[in-house]
file structure-v7.cif (mmCIF, C-alpha atoms)
data_my_file
loop_
_atom_site.group_PDB
_atom_site.id
_atom_site.type_symbol
_atom_site.label_atom_id
_atom_site.label_comp_id
_atom_site.auth_asym_id
_atom_site.auth_seq_id
_atom_site.Cartn_x
_atom_site.Cartn_y
_atom_site.Cartn_z
ATOM 1 C CA MET I 1 -7.479 20.365 13.040
ATOM 2 C CA HIS I 2 -5.475 18.257 10.606
ATOM 3 C CA GLY I 3 -3.339 19.880 7.911
ATOM 4 C CA ILE I 4 -2.273 18.669 4.485
ATOM 5 C CA ALA I 5 1.247 17.225 4.588
ATOM 6 C CA ARG I 6 3.632 16.285 1.821
ATOM 7 C CA VAL I 7 4.096 12.597 1.028
ATOM 8 C CA VAL I 8 6.902 11.325 -1.209
ATOM 9 C CA VAL I 9 6.356 7.880 -2.701
ATOM 10 C CA VAL I 10 9.456 6.165 -4.104
ATOM 11 C CA GLY I 11 8.165 3.133 -5.909
ATOM 12 C CA SER I 12 7.231 1.065 -8.904
ATOM 13 C CA LEU I 13 5.114 2.207 -11.824
ATOM 14 C CA ASN I 14 3.575 -0.395 -14.122
ATOM 15 C CA VAL I 15 0.850 -0.687 -16.693
ATOM 16 C CA ASP I 16 -1.615 -3.467 -15.816
ATOM 17 C CA SER I 17 -3.182 -5.764 -18.399
ATOM 18 C CA THR I 18 -6.091 -7.492 -16.659
ATOM 19 C CA SER I 19 -8.200 -10.400 -17.918
ATOM 20 C CA TYR I 20 -11.450 -11.305 -16.149
ATOM 21 C CA VAL I 21 -12.335 -15.006 -16.066
ATOM 22 C CA ALA I 22 -14.914 -17.261 -14.458
ATOM 23 C CA ALA I 23 -12.170 -19.265 -12.734
ATOM 24 C CA PHE I 24 -8.388 -19.495 -12.897
ATOM 25 C CA PRO I 25 -7.041 -21.963 -15.490
ATOM 26 C CA ALA I 26 -5.382 -25.146 -14.304
ATOM 27 C CA PRO I 27 -1.807 -25.811 -15.522
ATOM 28 C CA GLY I 28 -1.964 -26.454 -19.263
ATOM 29 C CA GLU I 29 -5.578 -25.253 -19.541
ATOM 30 C CA THR I 30 -6.758 -22.404 -21.778
ATOM 31 C CA VAL I 31 -9.779 -20.358 -20.732
ATOM 32 C CA LEU I 32 -11.574 -17.458 -22.402
ATOM 33 C CA SER I 33 -11.917 -14.145 -20.577
ATOM 34 C CA HIS I 34 -15.188 -12.231 -20.404
ATOM 35 C CA GLY I 35 -13.480 -8.860 -19.998
ATOM 36 C CA PHE I 36 -10.160 -7.072 -20.452
ATOM 37 C CA GLN I 37 -8.745 -3.794 -19.137
ATOM 38 C CA VAL I 38 -5.496 -1.839 -19.444
ATOM 39 C CA ALA I 39 -4.839 0.502 -16.522
ATOM 40 C CA LEU I 40 -2.179 2.204 -14.454
ATOM 41 C CA GLY I 41 -0.574 -0.092 -11.897
ATOM 42 C CA GLY I 42 2.491 -0.802 -9.804
ATOM 43 C CA LYS I 43 2.422 -0.509 -6.043
ATOM 44 C CA GLY I 44 4.229 2.825 -6.065
ATOM 45 C CA SER I 45 1.848 4.547 -8.471
ATOM 46 C CA ASN I 46 -1.229 2.841 -6.983
ATOM 47 C CA GLN I 47 -0.376 4.028 -3.494
ATOM 48 C CA ALA I 48 0.539 7.506 -4.724
ATOM 49 C CA VAL I 49 -2.869 7.874 -6.384
ATOM 50 C CA ALA I 50 -4.653 6.472 -3.326
ATOM 51 C CA ALA I 51 -2.858 8.928 -1.025
ATOM 52 C CA HIS I 52 -3.610 11.774 -3.434
ATOM 53 C CA VAL I 53 -7.351 11.097 -3.650
ATOM 54 C CA ALA I 54 -7.370 10.769 0.150
ATOM 55 C CA GLY I 55 -6.192 14.370 0.382
ATOM 56 C CA ALA I 56 -2.388 14.232 0.660
ATOM 57 C CA THR I 57 0.018 16.323 -1.392
ATOM 58 C CA VAL I 58 1.950 13.579 -3.198
ATOM 59 C CA GLU I 59 5.134 13.401 -5.249
ATOM 60 C CA LEU I 60 5.933 10.115 -6.989
ATOM 61 C CA VAL I 61 9.563 9.194 -7.681
ATOM 62 C CA ALA I 62 9.464 6.455 -10.314
ATOM 63 C CA HIS I 63 10.967 5.351 -13.638
ATOM 64 C CA VAL I 64 9.234 4.414 -16.908
ATOM 65 C CA GLY I 65 10.266 3.781 -20.492
ATOM 66 C CA THR I 66 9.876 6.094 -23.461
ATOM 67 C CA ASP I 67 7.348 3.655 -24.918
ATOM 68 C CA ALA I 68 3.587 3.955 -25.402
ATOM 69 C CA ALA I 69 3.005 2.335 -22.019
ATOM 70 C CA GLY I 70 5.026 5.122 -20.403
ATOM 71 C CA ASP I 71 2.956 7.732 -22.246
ATOM 72 C CA PHE I 72 -0.214 6.046 -20.994
ATOM 73 C CA ALA I 73 1.056 5.927 -17.395
ATOM 74 C CA LEU I 74 1.990 9.604 -17.302
ATOM 75 C CA ALA I 75 -1.313 10.636 -18.885
ATOM 76 C CA THR I 76 -3.220 8.640 -16.284
ATOM 77 C CA LEU I 77 -1.328 10.207 -13.387
ATOM 78 C CA GLU I 78 -1.998 13.655 -14.852
ATOM 79 C CA ARG I 79 -5.695 12.795 -15.111
ATOM 80 C CA PHE I 80 -5.723 12.149 -11.371
ATOM 81 C CA GLY I 81 -3.742 15.322 -10.684
ATOM 82 C CA VAL I 82 -0.607 13.549 -9.426
ATOM 83 C CA PRO I 83 2.532 15.524 -10.418
ATOM 84 C CA THR I 84 4.820 13.707 -12.867
ATOM 85 C CA GLY I 85 7.888 15.958 -12.637
ATOM 86 C CA SER I 86 9.845 13.469 -10.523
ATOM 87 C CA ILE I 87 9.284 10.541 -12.932
ATOM 88 C CA THR I 88 12.298 9.628 -15.078
ATOM 89 C CA ARG I 89 11.983 8.162 -18.596
ATOM 90 C CA HIS I 90 14.467 5.590 -19.933
ATOM 91 C CA PRO I 91 15.013 5.029 -23.667
ATOM 92 C CA ASP I 92 16.652 1.632 -23.087
ATOM 93 C CA ALA I 93 14.156 0.002 -20.711
ATOM 94 C CA PRO I 94 10.453 -0.720 -21.183
ATOM 95 C CA THR I 95 7.820 0.495 -18.767
ATOM 96 C CA GLY I 96 7.077 -2.150 -16.140
ATOM 97 C CA VAL I 97 4.059 -4.345 -16.782
ATOM 98 C CA ALA I 98 1.779 -6.540 -14.710
ATOM 99 C CA GLN I 99 -0.241 -9.390 -16.198
ATOM 100 C CA ILE I 100 -3.282 -9.888 -13.984
ATOM 101 C CA THR I 101 -6.064 -12.453 -13.984
ATOM 102 C CA VAL I 102 -9.179 -11.806 -11.898
ATOM 103 C CA ALA I 103 -11.620 -14.625 -11.223
ATOM 104 C CA ASP I 104 -15.337 -14.096 -10.641
ATOM 105 C CA SER I 105 -14.666 -14.795 -6.954
ATOM 106 C CA GLY I 106 -12.762 -11.499 -6.854
ATOM 107 C CA GLU I 107 -9.398 -13.169 -6.247
ATOM 108 C CA ASN I 108 -6.463 -12.456 -8.540
ATOM 109 C CA THR I 109 -3.097 -13.694 -9.781
ATOM 110 C CA ILE I 110 -0.370 -11.245 -10.810
ATOM 111 C CA ILE I 111 2.906 -11.573 -12.752
ATOM 112 C CA VAL I 112 5.122 -8.466 -12.721
ATOM 113 C CA THR I 113 7.935 -7.637 -15.172
ATOM 114 C CA SER I 114 9.987 -4.842 -13.614
ATOM 115 C CA GLY I 115 11.323 -3.116 -16.738
ATOM 116 C CA ALA I 116 12.382 0.459 -15.945
ATOM 117 C CA ASN I 117 11.550 -0.036 -12.251
ATOM 118 C CA ALA I 118 14.886 -1.849 -11.929
ATOM 119 C CA ALA I 119 16.586 1.463 -12.754
ATOM 120 C CA VAL I 120 15.405 2.974 -9.460
ATOM 121 C CA THR I 121 18.827 2.429 -7.897
ATOM 122 C CA PRO I 122 20.467 3.789 -4.723
ATOM 123 C CA ALA I 123 22.008 6.496 -6.945
ATOM 124 C CA ALA I 124 18.479 7.461 -8.039
ATOM 125 C CA VAL I 125 17.530 7.819 -4.373
ATOM 126 C CA ASP I 126 20.554 10.041 -3.715
ATOM 127 C CA ALA I 127 19.581 12.209 -6.681
ATOM 128 C CA GLU I 128 16.238 12.862 -4.957
ATOM 129 C CA HIS I 129 17.811 13.576 -1.545
ATOM 130 C CA ASP I 130 16.393 17.086 -1.121
ATOM 131 C CA ARG I 131 12.899 16.062 -2.212
ATOM 132 C CA ILE I 132 12.943 13.164 0.243
ATOM 133 C CA ALA I 133 14.400 15.224 3.092
ATOM 134 C CA ASP I 134 11.619 17.811 2.790
ATOM 135 C CA ALA I 135 8.806 15.252 3.089
ATOM 136 C CA ALA I 136 6.666 14.697 6.146
ATOM 137 C CA LEU I 137 6.433 11.008 5.233
ATOM 138 C CA VAL I 138 8.240 8.776 2.722
ATOM 139 C CA LEU I 139 6.657 5.552 1.470
ATOM 140 C CA THR I 140 8.103 2.660 -0.509
ATOM 141 C CA GLN I 141 7.310 -0.969 -1.320
ATOM 142 C CA GLY I 142 9.019 -4.294 -1.950
ATOM 143 C CA GLU I 143 8.855 -3.988 -5.749
ATOM 144 C CA LEU I 144 12.103 -1.972 -5.884
ATOM 145 C CA PRO I 145 15.636 -3.446 -5.701
ATOM 146 C CA VAL I 146 16.608 -4.344 -2.126
ATOM 147 C CA ASP I 147 19.675 -2.075 -2.047
ATOM 148 C CA THR I 148 17.471 0.822 -3.158
ATOM 149 C CA ILE I 149 15.011 0.226 -0.318
ATOM 150 C CA ASP I 150 17.886 0.054 2.181
ATOM 151 C CA ARG I 151 19.411 3.289 0.881
ATOM 152 C CA LEU I 152 16.058 5.053 0.983
ATOM 153 C CA ALA I 153 15.527 4.042 4.609
ATOM 154 C CA ALA I 154 18.950 5.443 5.506
ATOM 155 C CA VAL I 155 18.301 8.756 3.705
ATOM 156 C CA VAL I 156 14.918 9.144 5.400
ATOM 157 C CA ALA I 157 16.455 8.398 8.797
ATOM 158 C CA GLU I 158 19.176 10.990 8.230
ATOM 159 C CA ALA I 159 16.495 13.540 7.380
ATOM 160 C CA SER I 160 14.417 12.621 10.467
ATOM 161 C CA ALA I 161 11.341 12.059 8.278
ATOM 162 C CA ARG I 162 8.799 9.284 8.801
ATOM 163 C CA PHE I 163 9.469 6.108 6.818
ATOM 164 C CA VAL I 164 6.631 3.758 5.895
ATOM 165 C CA LEU I 165 7.554 0.429 4.305
ATOM 166 C CA ASN I 166 4.978 -1.759 2.601
ATOM 167 C CA LEU I 167 7.097 -4.888 2.223
ATOM 168 C CA ALA I 168 5.081 -6.298 -0.651
ATOM 169 C CA PRO I 169 6.268 -8.530 -2.121
ATOM 170 C CA PRO I 170 8.593 -9.747 0.657
ATOM 171 C CA ALA I 171 12.177 -8.620 0.098
ATOM 172 C CA ALA I 172 15.353 -9.403 2.066
ATOM 173 C CA VAL I 173 15.925 -5.846 3.278
ATOM 174 C CA ALA I 174 18.400 -5.113 6.064
ATOM 175 C CA PRO I 175 17.196 -5.369 9.682
ATOM 176 C CA GLU I 176 18.089 -1.683 10.055
ATOM 177 C CA THR I 177 15.618 -0.861 7.279
ATOM 178 C CA LEU I 178 12.822 -2.766 8.997
ATOM 179 C CA ALA I 179 13.716 -1.134 12.300
ATOM 180 C CA THR I 180 13.105 2.368 10.910
ATOM 181 C CA ALA I 181 9.672 1.551 9.458
ATOM 182 C CA ASP I 182 6.878 3.485 11.178
ATOM 183 C CA PRO I 183 4.831 1.554 10.323
ATOM 184 C CA LEU I 184 5.879 -1.612 8.538
ATOM 185 C CA VAL I 185 2.799 -2.601 6.508
ATOM 186 C CA VAL I 186 2.464 -6.295 5.599
ATOM 187 C CA ASN I 187 -0.181 -8.899 4.904
ATOM 188 C CA GLU I 188 -0.238 -12.279 6.648
ATOM 189 C CA HIS I 189 2.211 -13.921 4.218
ATOM 190 C CA GLU I 190 4.609 -10.974 4.334
ATOM 191 C CA ALA I 191 4.389 -10.832 8.135
ATOM 192 C CA ARG I 192 5.575 -14.420 8.368
ATOM 193 C CA ALA I 193 8.473 -13.599 6.026
ATOM 194 C CA VAL I 194 9.838 -11.018 8.506
ATOM 195 C CA GLY I 195 9.385 -13.205 11.577
ATOM 196 C CA ILE I 196 5.940 -12.076 12.717
ATOM 197 C CA ASP I 197 4.761 -15.647 12.666
ATOM 198 C CA PRO I 198 1.781 -17.087 14.581
ATOM 199 C CA ASP I 199 2.228 -20.461 16.251
ATOM 200 C CA VAL I 200 -1.369 -21.512 15.567
ATOM 201 C CA ALA I 201 -2.833 -22.886 12.349
ATOM 202 C CA ALA I 202 -5.717 -20.409 12.080
ATOM 203 C CA PRO I 203 -4.764 -17.192 13.873
ATOM 204 C CA THR I 204 -7.575 -14.812 14.787
ATOM 205 C CA PRO I 205 -7.407 -11.024 14.486
ATOM 206 C CA ASP I 206 -6.678 -10.944 18.222
ATOM 207 C CA ASP I 207 -3.750 -13.321 17.657
ATOM 208 C CA TRP I 208 -2.409 -11.027 14.924
ATOM 209 C CA ARG I 209 -2.891 -7.991 17.134
ATOM 210 C CA ALA I 210 -0.794 -9.585 19.871
ATOM 211 C CA LEU I 211 1.861 -10.569 17.328
ATOM 212 C CA ALA I 212 1.988 -7.024 15.956
ATOM 213 C CA ALA I 213 2.392 -5.676 19.469
ATOM 214 C CA SER I 214 5.243 -8.105 20.150
ATOM 215 C CA ALA I 215 7.022 -6.914 16.979
ATOM 216 C CA VAL I 216 7.024 -3.231 17.999
ATOM 217 C CA GLY I 217 10.609 -2.276 18.808
ATOM 218 C CA ARG I 218 11.797 -5.773 17.888
ATOM 219 C CA VAL I 219 11.075 -5.729 14.136
ATOM 220 C CA ALA I 220 9.861 -2.193 13.405
ATOM 221 C CA ARG I 221 8.844 0.986 15.198
ATOM 222 C CA SER I 222 5.190 0.210 14.512
ATOM 223 C CA VAL I 223 3.416 -2.554 12.606
ATOM 224 C CA VAL I 224 0.269 -2.918 10.501
ATOM 225 C CA VAL I 225 -0.931 -6.340 9.328
ATOM 226 C CA THR I 226 -3.737 -6.510 6.760
ATOM 227 C CA LEU I 227 -6.056 -9.503 7.043
ATOM 228 C CA GLY I 228 -8.174 -9.303 3.889
ATOM 229 C CA SER I 229 -11.881 -9.639 4.599
ATOM 230 C CA ALA I 230 -11.119 -9.805 8.340
ATOM 231 C CA GLY I 231 -9.824 -6.215 8.368
ATOM 232 C CA ALA I 232 -6.453 -5.203 9.777
ATOM 233 C CA VAL I 233 -4.483 -4.874 13.007
ATOM 234 C CA ALA I 234 -1.874 -2.390 14.116
ATOM 235 C CA ALA I 235 0.448 -1.796 17.027
ATOM 236 C CA SER I 236 2.779 0.937 18.221
ATOM 237 C CA GLU I 237 4.305 2.006 21.514
ATOM 238 C CA HIS I 238 0.899 3.563 22.315
ATOM 239 C CA GLY I 239 -1.171 0.370 22.058
ATOM 240 C CA SER I 240 -2.578 -2.223 19.687
ATOM 241 C CA TRP I 241 -5.809 -2.328 17.712
ATOM 242 C CA ALA I 242 -7.898 -4.680 15.576
ATOM 243 C CA VAL I 243 -10.346 -3.158 13.097
ATOM 244 C CA PRO I 244 -12.801 -5.493 11.352
ATOM 245 C CA ALA I 245 -13.664 -4.887 7.717
ATOM 246 C CA PRO I 246 -17.290 -4.155 6.845
ATOM 247 C CA ARG I 247 -19.136 -6.912 5.009
ATOM 248 C CA VAL I 248 -19.174 -6.098 1.299
ATOM 249 C CA SER I 249 -19.501 -7.937 -2.006
ATOM 250 C CA ALA I 250 -15.988 -8.037 -3.470
ATOM 251 C CA VAL I 251 -15.788 -7.908 -7.259
ATOM 252 C CA ASP I 252 -12.045 -7.266 -7.659
ATOM 253 C CA THR I 253 -9.384 -7.335 -4.937
ATOM 254 C CA THR I 254 -6.633 -6.084 -7.282
ATOM 255 C CA GLY I 255 -4.968 -3.016 -5.795
ATOM 256 C CA ALA I 256 -7.175 -2.952 -2.695
ATOM 257 C CA GLY I 257 -4.150 -3.372 -0.434
ATOM 258 C CA ASP I 258 -2.531 -0.418 -2.184
ATOM 259 C CA GLY I 259 -5.696 1.615 -1.641
ATOM 260 C CA PHE I 260 -5.491 0.725 2.052
ATOM 261 C CA THR I 261 -1.819 1.709 2.298
ATOM 262 C CA GLY I 262 -2.226 4.944 0.357
ATOM 263 C CA ALA I 263 -5.095 6.048 2.579
ATOM 264 C CA LEU I 264 -3.171 5.016 5.690
ATOM 265 C CA VAL I 265 -0.143 7.179 4.861
ATOM 266 C CA ALA I 266 -2.292 10.127 3.772
ATOM 267 C CA PHE I 267 -3.949 10.310 7.161
ATOM 268 C CA LEU I 268 -0.773 9.561 9.090
ATOM 269 C CA ALA I 269 0.972 12.384 7.220
ATOM 270 C CA GLU I 270 -1.651 14.878 8.298
ATOM 271 C CA GLY I 271 -1.060 14.020 11.926
ATOM 272 C CA ARG I 272 -3.718 11.456 12.767
ATOM 273 C CA PRO I 273 -2.742 8.705 15.222
ATOM 274 C CA LEU I 274 -2.168 5.173 13.954
ATOM 275 C CA ASP I 275 -5.432 3.764 15.318
ATOM 276 C CA GLU I 276 -7.513 6.433 13.595
ATOM 277 C CA ALA I 277 -5.606 6.144 10.304
ATOM 278 C CA LEU I 278 -6.068 2.357 10.483
ATOM 279 C CA ARG I 279 -9.857 2.664 10.750
ATOM 280 C CA ILE I 280 -9.983 4.989 7.767
ATOM 281 C CA ALA I 281 -7.664 2.773 5.703
ATOM 282 C CA VAL I 282 -9.820 -0.314 6.356
ATOM 283 C CA ALA I 283 -12.824 1.617 5.055
ATOM 284 C CA ALA I 284 -10.835 2.666 1.963
ATOM 285 C CA GLY I 285 -9.855 -0.935 1.223
ATOM 286 C CA ALA I 286 -13.450 -2.131 1.616
ATOM 287 C CA LEU I 287 -14.666 0.479 -0.860
ATOM 288 C CA ALA I 288 -11.938 -0.449 -3.370
ATOM 289 C CA VAL I 289 -12.861 -4.146 -3.613
ATOM 290 C CA GLN I 290 -16.378 -3.212 -4.703
ATOM 291 C CA VAL I 291 -15.134 -1.651 -7.974
ATOM 292 C CA ARG I 292 -13.175 -3.251 -10.818
ATOM 293 C CA GLY I 293 -9.634 -2.097 -11.504
ATOM 294 C CA THR I 294 -6.904 -0.503 -9.445
ATOM 295 C CA VAL I 295 -6.541 3.281 -9.300
ATOM 296 C CA ASP I 296 -10.067 3.880 -10.599
ATOM 297 C CA SER I 297 -11.449 1.894 -7.653
ATOM 298 C CA TYR I 298 -10.133 4.319 -5.038
ATOM 299 C CA ALA I 299 -12.885 6.360 -3.415
ATOM 300 C CA SER I 300 -12.633 10.062 -2.662
ATOM 301 C CA ARG I 301 -11.588 11.444 0.709
ATOM 302 C CA GLU I 302 -15.187 12.362 1.501
ATOM 303 C CA GLU I 303 -16.500 8.877 0.659
ATOM 304 C CA VAL I 304 -13.758 7.160 2.669
ATOM 305 C CA LEU I 305 -14.300 9.337 5.744
ATOM 306 C CA ALA I 306 -18.060 8.787 5.570
ATOM 307 C CA ALA I 307 -17.594 5.023 5.289
ATOM 308 C CA ALA I 308 -15.143 5.010 8.198
ATOM 309 C CA GLU I 309 -17.563 6.999 10.334
ATOM 310 C CA ALA I 310 -20.429 4.626 9.516
ATOM 311 C CA ALA I 311 -18.285 1.585 10.336
ATOM 312 C CA SER I 312 -17.128 3.194 13.579
ATOM 313 C CA MET I 313 -20.706 3.835 14.685
ATOM 314 C CA MET I 314 -21.658 0.223 13.945
ATOM 315 C CA ALA I 315 -18.652 -1.070 15.876
ATOM 316 C CA GLU I 316 -19.191 1.220 18.876
ATOM 317 C CA GLY I 317 -18.706 -0.730 22.066
ATOM 318 C CA ASP I 318 -16.740 -3.494 20.320
ATOM 319 C CA THR I 319 -13.714 -4.202 22.529
ATOM 320 C CA ASP I 320 -11.715 -5.412 19.497
ATOM 321 C CA SER I 321 -11.776 -1.885 18.095
ATOM 322 C CA THR I 322 -10.240 -0.327 21.200
ATOM 323 C CA GLY I 323 -7.339 -2.723 21.568
ATOM 324 C CA ALA I 324 -4.932 -3.202 24.404
ATOM 325 C CA GLY I 325 -3.825 0.176 25.614
ATOM 326 C CA GLY I 326 -5.660 1.980 22.838
ATOM 327 C CA ALA I 327 -8.854 3.983 22.535
ATOM 328 C CA PRO I 328 -11.350 4.603 19.761
ATOM 329 C CA PRO I 329 -10.387 7.541 17.575
ATOM 330 C CA ALA I 330 -12.260 10.797 17.935
#
call {"tool": "encode", "arguments": {"input": "structure-v7.cif", "output": "structure tokens"}}
result
Amino acid sequence: MHGIARVVVVGSLNVDSTSYVAAFPAPGETVLSHGFQVALGGKGSNQAVAAHVAGATVELVAHVGTDAAGDFALATLERFGVPTGSITRHPDAPTGVAQITVADSGENTIIVTSGANAAVTPAAVDAEHDRIADAALVLTQGELPVDTIDRLAAVVAEASARFVLNLAPPAAVAPETLATADPLVVNEHEARAVGIDPDVAAPTPDDWRALAASAVGRVARSVVVTLGSAGAVAASEHGSWAVPAPRVSAVDTTGAGDGFTGALVAFLAEGRPLDEALRIAVAAGALAVQVRGTVDSYASREEVLAAAEAASMMAEGDTDSTGAGGAPPA
């Protein structure tokens, strides 16, 4: 029986302005969009919403401006039922923004302006010490200042809580910060940035699984590497696993990695082992790419669990899903 556990997300909060185009413009080229959307964004808020809809009790520590974008962000979080009491408003800094372009292929480009996110300093972490210390799991991302991430890792370690670091985008955090991550969640590019680097031109999921296993205890306590349409791999002291993604028609990949990470931490926080949480998170990411937008693309707990169960039944007997030293989840 798994219980609901408290997750604290310390992270970025942006408002996304997304244009949908047939194809990305070349340098100097102007193209017309065939759609436009304004929505909640930022890896911190995206992952907080994803964890919340997956069933976790979530508190989001973030900073926004006192502008209309900040009003919109708070209203959106309240619509999802995510508490906003730990979000600070700044009169002298605008709410962070992301300018996103999504091509018809489903791929995207993103430019982020940090705004009030830059005010999430080490002092802001210290001000939330008791909230952080009481959490079962604390999650952050690479969109915060490096010294803030390092301080957060130290506070979580002192409190003996579980620290999950999604190092996206790559940031030059201290080795001690990486070492406390359980897990460190990265994509292929981010994995290379922290020294989890394949020596082959086209690494397979099995190659990535072996690399993740070799990084356990050397880079981080446990490691998850997302592989896009190929799924994801993970490794801990208990084994290593590769979970393929189901074949789906992707319409928008924006925020899908955040949906994966939010689901992953929600199920880790309630006591599920890494291999089981990985399977569920892969299903959550696959559902997210089939819907336009970020937070509104995240499926409910019931839908994610059903999709994970269906994928598990289809993959039954696949040796890739058991991994070296691992076993299929119950």
call {"tool": "atom_distance", "arguments": {"input": "structure-v7.cif", "atom1": "CA of Val31 (chain I)", "atom2": "CA of Asp252 (chain I)"}}
result
18.6 Å
call {"tool": "resolve_selection", "arguments": {"input": "structure-v7.cif", "expression": "the PyMOL selection byres ((chain I and resi 105) around 10)", "output": "VMD selection string"}}
result
chain I and resid 21 to 24 102 to 104 106 to 108 249 to 253
call {"tool": "write_last_selection", "arguments": {"input": "structure-v7.cif", "atoms": "C-alpha atoms", "output": "PDB file, keeping the file's coordinate frame"}}
result
ATOM      1  CA  VAL I  21     -12.335 -15.006 -16.066  1.00  0.00           C
ATOM      2  CA  ALA I  22     -14.914 -17.261 -14.458  1.00  0.00           C
ATOM      3  CA  ALA I  23     -12.170 -19.265 -12.734  1.00  0.00           C
ATOM      4  CA  PHE I  24      -8.388 -19.495 -12.897  1.00  0.00           C
ATOM      5  CA  VAL I 102      -9.179 -11.806 -11.898  1.00  0.00           C
ATOM      6  CA  ALA I 103     -11.620 -14.625 -11.223  1.00  0.00           C
ATOM      7  CA  ASP I 104     -15.337 -14.096 -10.641  1.00  0.00           C
ATOM      8  CA  GLY I 106     -12.762 -11.499  -6.854  1.00  0.00           C
ATOM      9  CA  GLU I 107      -9.398 -13.169  -6.247  1.00  0.00           C
ATOM     10  CA  ASN I 108      -6.463 -12.456  -8.540  1.00  0.00           C
ATOM     11  CA  SER I 249     -19.501  -7.937  -2.006  1.00  0.00           C
ATOM     12  CA  ALA I 250     -15.988  -8.037  -3.470  1.00  0.00           C
ATOM     13  CA  VAL I 251     -15.788  -7.908  -7.259  1.00  0.00           C
ATOM     14  CA  ASP I 252     -12.045  -7.266  -7.659  1.00  0.00           C
ATOM     15  CA  THR I 253      -9.384  -7.335  -4.937  1.00  0.00           C
TER      16      THR I 253
END
call {"tool": "resolve_selection", "arguments": {"input": "structure-v7.cif", "expression": "the PyMOL selection byres ((chain I and resi 39-45) around 9)", "output": "PyMOL selection string"}}
result
chain I and resi 9-18+37-38+46-50+60-62+72-74+76-77+96-98+112+139-143+168+255+258+293-296
call {"tool": "atom_distance", "arguments": {"input": "structure-v7.cif", "atom1": "CA of Val173 (chain I)", "atom2": "CA of Thr148 (chain I)"}}
result
9.4 Å
call {"tool": "closest_residue", "arguments": {"input": "structure-v7.cif", "among": "I:Val7, I:Ala174, I:Val219, I:Ala69", "to": "Ala54 (chain I)", "atoms": "all atoms listed in the file"}}
result
I:Val7
call {"tool": "resolve_selection", "arguments": {"input": "structure-v7.cif", "expression": "the PyMOL selection byres ((chain I and resi 137) around 8)", "output": "list in words"}}
result
Arg6, Val7, Val8, Ala135, Ala136, Val138, Leu139, Ala161, Arg162, Phe163, Val164, Val265 and Ala269 of chain I
call {"tool": "write_last_selection", "arguments": {"input": "structure-v7.cif", "atoms": "C-alpha atoms", "output": "PDB file, keeping the file's coordinate frame"}}
result
ATOM      1  CA  ARG I   6       3.632  16.285   1.821  1.00  0.00           C
ATOM      2  CA  VAL I   7       4.096  12.597   1.028  1.00  0.00           C
ATOM      3  CA  VAL I   8       6.902  11.325  -1.209  1.00  0.00           C
ATOM      4  CA  ALA I 135       8.806  15.252   3.089  1.00  0.00           C
ATOM      5  CA  ALA I 136       6.666  14.697   6.146  1.00  0.00           C
ATOM      6  CA  VAL I 138       8.240   8.776   2.722  1.00  0.00           C
ATOM      7  CA  LEU I 139       6.657   5.552   1.470  1.00  0.00           C
ATOM      8  CA  ALA I 161      11.341  12.059   8.278  1.00  0.00           C
ATOM      9  CA  ARG I 162       8.799   9.284   8.801  1.00  0.00           C
ATOM     10  CA  PHE I 163       9.469   6.108   6.818  1.00  0.00           C
ATOM     11  CA  VAL I 164       6.631   3.758   5.895  1.00  0.00           C
ATOM     12  CA  VAL I 265      -0.143   7.179   4.861  1.00  0.00           C
ATOM     13  CA  ALA I 269       0.972  12.384   7.220  1.00  0.00           C
TER      14      ALA I 269
END
call {"tool": "closest_residue", "arguments": {"input": "structure-v7.cif", "among": "I:Ile87, I:Ala281, I:Ala266, I:Leu144", "to": "Gly70 (chain I)", "atoms": "only C-alpha atoms"}}
result
I:Ile87
call {"tool": "residues_around", "arguments": {"input": "structure-v7.cif", "residues": "region 309-314 of chain I", "least_positions_apart": "5", "cutoff": "8 Å", "atoms": "only C-alpha atoms", "output": "count of residues only"}}
result
3
call {"tool": "residues_around", "arguments": {"input": "structure-v7.cif", "residues": "region 302-307 of chain I", "least_positions_apart": "6", "cutoff": "12 Å", "atoms": "all atoms listed in the file", "output": "JSON, numbers by chain"}}
result
{"I": [50, 51, 53, 54, 55, 245, 246, 248, 259, 260, 262, 263, 264, 266, 267, 276, 277, 278, 279, 280, 281, 282, 283, 284, 285, 286, 287, 288, 313, 314]}
call {"tool": "write_last_selection", "arguments": {"input": "structure-v7.cif", "atoms": "C-alpha atoms", "output": "compact mmCIF listing (two decimals), in the coordinates of the input"}}
result
# COMPACT_ATOMS: atom_id res chain seq x y z
CA ALA I 50 -4.65 6.47 -3.33
CA ALA I 51 -2.86 8.93 -1.02
CA VAL I 53 -7.35 11.10 -3.65
CA ALA I 54 -7.37 10.77 0.15
CA GLY I 55 -6.19 14.37 0.38
CA ALA I 245 -13.66 -4.89 7.72
CA PRO I 246 -17.29 -4.16 6.84
CA VAL I 248 -19.17 -6.10 1.30
CA GLY I 259 -5.70 1.62 -1.64
CA PHE I 260 -5.49 0.72 2.05
CA GLY I 262 -2.23 4.94 0.36
CA ALA I 263 -5.10 6.05 2.58
CA LEU I 264 -3.17 5.02 5.69
CA ALA I 266 -2.29 10.13 3.77
CA PHE I 267 -3.95 10.31 7.16
CA GLU I 276 -7.51 6.43 13.60
CA ALA I 277 -5.61 6.14 10.30
CA LEU I 278 -6.07 2.36 10.48
CA ARG I 279 -9.86 2.66 10.75
CA ILE I 280 -9.98 4.99 7.77
CA ALA I 281 -7.66 2.77 5.70
CA VAL I 282 -9.82 -0.31 6.36
CA ALA I 283 -12.82 1.62 5.06
CA ALA I 284 -10.84 2.67 1.96
CA GLY I 285 -9.86 -0.94 1.22
CA ALA I 286 -13.45 -2.13 1.62
CA LEU I 287 -14.67 0.48 -0.86
CA ALA I 288 -11.94 -0.45 -3.37
CA MET I 313 -20.71 3.84 14.68
CA MET I 314 -21.66 0.22 13.94
